[in-house]
Amino acid sequence: MFKKTAGEKLIDLLIEWGVDHIYGMPGDSINSIIEPLRKKQDKIKFIQVRHEEAGALAAASYAKLTGKLGVCMAIAGPGAIHLLNGLYDAKLDKVPVLAITGQIESDLIGTDFFQEVNLERMFDDVAVYNQRIMSAEQLPAVVNQAIRTAYTKKGVAVLTVPDDIPRFEVEAEARITSSLVVKQEILPSTEDLQQAKEVLENAESPVILAGRGVHGVRETLLAFAEHIAAPIVLTLPGKGAIPDEHPYCLGGLGLIGTKAAYEAMQETDTLIMIGTSYPFTGFLPKKAKTIHIDIDPAQIGKRYPVDVGLAGEAGKTLEWLSQHVSRNDNRTFLERSQERMQKWWDRLNRQEDDESVPIKPQRVIHALQQVAHDDAVLSVDVGNVTVWAARHFRMTNQQFIISSWLATLGCGLPGAIAGKIAYPKKQVFAICGDGGFAMTMADFVTAVKYDLPIIVIVLNNHKIAMIKFEQEVMGNIEFGTDLCNPNFADYANICGGVGYRVEKPEELLPALQKAVQQNKPCIIDVIVDVQEAPMPAKITFAQAAGYSKHMFKELFEEGKLDLPPL
């Protein structure tokens, strides 16, 4: 009877779990895995990235977009270390990712051998499952346990594989387990639901704060909001859960947020948090009855005091509440919030119509809106670009992903690569600042190599602009924020893609229209106004005082005074 090696069994199990591609780089300590992977390229593809960090970020993005396991692979030592940033992104955003790393041969571990790193200790904080494979016979059961744990705990599983083990045959007595994960439906306790019902019955000005946990239950959420007459504020991970221009949507909260959302939070008497553990509690109500719905009981009351906690699925919980809570016929607060939101949209429309040079970043997002399909994928990088995309792109049915909790620069391009692999027939855009794009720009050639016609929009202001703004709000003169950028459009052409350089407003929409018609990866390098600061919807006294202090410092120390468009 033909026996399989442990390396062959590993690849077979990944295929059995529905994994159809892996991001990584080959190397000496994983070549015994790469060879069986090569033999199964008809069923599972190897996407060779130029940096392991990009591979891990792509795996995390794939999991965010599809809910399926993202898989990345790296050699021992430096390759494994490079994975950490993308794995922490997956951990903090709670998505299932499997990392397979090489290790030196079993009998050399502990001898300070070449490229030896204590990987189990290194991955201990990031992983929900972290195991070194000890033998070929052990491998099948451990692989199944790792993937099952990643799915059930929504986190990172790490398998460290010493270089010799994949070459050994798996004996007949190897432990056999099942390659499946079982789902469950979770509803809060009846007692907690009744308490929530009592709170909602007495609510006069309720507000919903919806996070990532409401994706997939749009109609149920909107029906509940209509039933209790509550406007909906979205966290950044929650963006896209309902259309941005829906009458019940007040947009985001905080720096990325809207004035209507800020004012609704100041006036509400009842806050319903759904599928979010919102960290910026200074923007939440000072005095309001609070109901917190989350599938994970550990998240309830974690950052903000609550009156009622409902541990259950968002959809099932909202259905129960809609059926058992009396309809709120008082629409005064809702209508006042809607009027404020319309004024906010009018304000944004004026910003987007600004034809000044350098181009306003708001205008770039407005132009993107005109060419993006209803089902497009938007992979947004971190920085000022996050603010412009979150505020100005009006989501309908598109998907919006970002490194929301780790907020790591460089996530935009790997996310777009993963988006195009997940949905080859959809438009996929990476929306990046120049700082974020430069961190992972080497992997633009990965998109070229695998014929992934993504469109990268770079908001180029030759600055780490959000940090510039933060320094100034602190009352300091900006320092260390200047960037020396190449011509990103020329870079696209050199890599084998297509590049467009945009410096005037009238060039913007034509460049985007050409890009979406190309069947190649594109970069649109847009020179935007560095003075356009991402002003919060509500400027606090401390922020204004800090900025005044900065201006006086600049005047006396630098002899200049540049005012932002307040």
# chains A, B, ... in the order shown; residues from 1 in each chain; ligands from 1

$ residues_around --residues "Thr481 of chain A" --least-positions-apart "4" --cutoff "12 Å" --atoms "only C-alpha atoms" --output "PyMOL selection string"
chain A and resi 434-435+461-472+477+530

$ residues_around --residues "Ala511 of chain A" --least-positions-apart "5" --cutoff "12 Å" --atoms "only C-alpha atoms" --output "PyMOL selection string"
chain A and resi 364+367-368+371+455-457+489+498-506+516-518+522-526

$ atom_distance --atom1 "atom CA of Pro534 of chain A" --atom2 "atom CA of Val473 of chain A"
11.4 Å

$ closest_residue --among "A:Arg167, A:Ala418, A:Val181, A:Thr270" --to "His21 of chain A" --atoms "only C-alpha atoms"
A:Ala418

$ closest_residue --among "A:Val161, A:Ile417, A:Leu284, A:Leu187" --to "Val207 of chain A" --atoms "only C-alpha atoms"
A:Leu284

$ closest_residue --among "A:Ser205, A:Thr190, A:Asn476, A:Thr177" --to "Asn328 of chain A" --atoms "only C-alpha atoms"
A:Ser205

$ residues_around --residues "segment 71-87 of chain A" --least-positions-apart "5" --cutoff "9 Å" --atoms "only C-alpha atoms" --output "NGL selection string"
:A and (19 or 21-31 or 51-60 or 62-63 or 92 or 96-104 or 114-119 or 122-123 or 126-127 or 155-156 or 160-162 or 406 or 408 or 411)

$ residues_around --residues "segment 249-257 of chain A" --least-positions-apart "2" --cutoff "8 Å" --atoms "only C-alpha atoms" --output "MDAnalysis selection string"
chainID A and resid 231:236 239 242:247 259:262 280 283 337:338 341 386:388 390:391 534:537

$ write_last_selection --atoms "C-alpha atoms" --output "PDB file, in the first residue's frame"
ATOM      1  CA  PRO A 231     -30.563  56.059  13.686  1.00  0.00           C
ATOM      2  CA  ILE A 232     -27.532  53.832  13.053  1.00  0.00           C
ATOM      3  CA  VAL A 233     -23.919  54.926  13.599  1.00  0.00           C
ATOM      4  CA  LEU A 234     -21.266  52.677  12.067  1.00  0.00           C
ATOM      5  CA  THR A 235     -17.825  51.841  13.397  1.00  0.00           C
ATOM      6  CA  LEU A 236     -15.057  51.661  10.789  1.00  0.00           C
ATOM      7  CA  LYS A 239     -18.828  50.374   7.229  1.00  0.00           C
ATOM      8  CA  ILE A 242     -25.896  49.223   5.497  1.00  0.00           C
ATOM      9  CA  PRO A 243     -25.750  51.714   2.620  1.00  0.00           C
ATOM     10  CA  ASP A 244     -24.100  54.963   3.682  1.00  0.00           C
ATOM     11  CA  GLU A 245     -26.916  57.066   2.228  1.00  0.00           C
ATOM     12  CA  HIS A 246     -29.711  54.991   3.772  1.00  0.00           C
ATOM     13  CA  PRO A 247     -32.108  57.248   5.713  1.00  0.00           C
ATOM     14  CA  LYS A 259     -21.245  65.677  12.929  1.00  0.00           C
ATOM     15  CA  ALA A 260     -24.688  64.070  12.873  1.00  0.00           C
ATOM     16  CA  ALA A 261     -23.305  60.935  14.558  1.00  0.00           C
ATOM     17  CA  TYR A 262     -21.444  63.000  17.146  1.00  0.00           C
ATOM     18  CA  PHE A 280     -12.777  55.387  21.530  1.00  0.00           C
ATOM     19  CA  PHE A 283     -17.165  59.712  21.743  1.00  0.00           C
ATOM     20  CA  SER A 337     -30.801  63.226  13.178  1.00  0.00           C
ATOM     21  CA  GLN A 338     -31.760  62.709   9.541  1.00  0.00           C
ATOM     22  CA  MET A 341     -27.136  64.081   8.251  1.00  0.00           C
ATOM     23  CA  THR A 386      -8.728  56.114   5.888  1.00  0.00           C
ATOM     24  CA  VAL A 387     -10.596  59.288   6.804  1.00  0.00           C
ATOM     25  CA  TRP A 388     -11.238  60.310   3.203  1.00  0.00           C
ATOM     26  CA  ALA A 390     -14.562  56.281   5.249  1.00  0.00           C
ATOM     27  CA  ARG A 391     -16.243  59.685   5.021  1.00  0.00           C
ATOM     28  CA  PRO A 534      -8.626  65.340   8.315  1.00  0.00           C
ATOM     29  CA  MET A 535     -10.502  67.640  10.671  1.00  0.00           C
ATOM     30  CA  PRO A 536     -12.805  65.815  13.111  1.00  0.00           C
ATOM     31  CA  ALA A 537     -16.516  66.467  12.813  1.00  0.00           C
TER      32      ALA A 537
END

$ atom_distance --atom1 "atom CA of Leu452 of chain A" --atom2 "atom CA of Leu69 of chain A"
20.5 Å

$ select_by_dssp --residues "segment 21-257 of chain A" --states "strand (DSSP E or B)" --output "number ranges by chain"
A: 21-24, 45-48, 70-74, 97-103, 127-132, 156-162, 169, 206-210, 232-234, 249-252

$ closest_residue --among "A:Gly496, A:Pro237, A:Pro206, A:Gly312" --to "Lys289 of chain A" --atoms "only C-alpha atoms"
A:Pro206

$ residues_around --residues "Pro166 of chain A" --least-positions-apart "4" --cutoff "9 Å" --atoms "only C-alpha atoms" --output "ChimeraX atom specification"
/A:5-10,30,32-33,135-136,161-162

$ closest_residue --among "A:Ser322, A:Ser179, A:Gln138, A:Asn202" --to "Phe224 of chain A" --atoms "only C-alpha atoms"
A:Ser322

$ atom_distance --atom1 "atom CA of Asp269 of chain A" --atom2 "atom CA of Thr396 of chain A"
29.4 Å

$ residues_around --residues "Lys197 of chain A" --least-positions-apart "3" --cutoff "6 Å" --atoms "only C-alpha atoms" --output "PDB file with N, CA, C and O atoms, in the first residue's frame"
ATOM      1  N   GLN A 194     -35.310  39.955  28.314  1.00  0.00           N
ATOM      2  CA  GLN A 194     -36.413  40.667  28.954  1.00  0.00           C
ATOM      3  C   GLN A 194     -35.925  42.001  29.540  1.00  0.00           C
ATOM      4  O   GLN A 194     -36.625  43.015  29.466  1.00  0.00           O
ATOM      5  N   LEU A 200     -35.622  49.191  26.248  1.00  0.00           N
ATOM      6  CA  LEU A 200     -36.041  49.723  24.945  1.00  0.00           C
ATOM      7  C   LEU A 200     -37.455  50.277  24.990  1.00  0.00           C
ATOM      8  O   LEU A 200     -37.767  51.234  24.265  1.00  0.00           O
ATOM      9  N   VAL A 325     -40.444  43.865  21.417  1.00  0.00           N
ATOM     10  CA  VAL A 325     -40.459  45.254  21.884  1.00  0.00           C
ATOM     11  C   VAL A 325     -41.543  46.022  21.135  1.00  0.00           C
ATOM     12  O   VAL A 325     -41.706  45.857  19.919  1.00  0.00           O
TER      13      VAL A 325
END
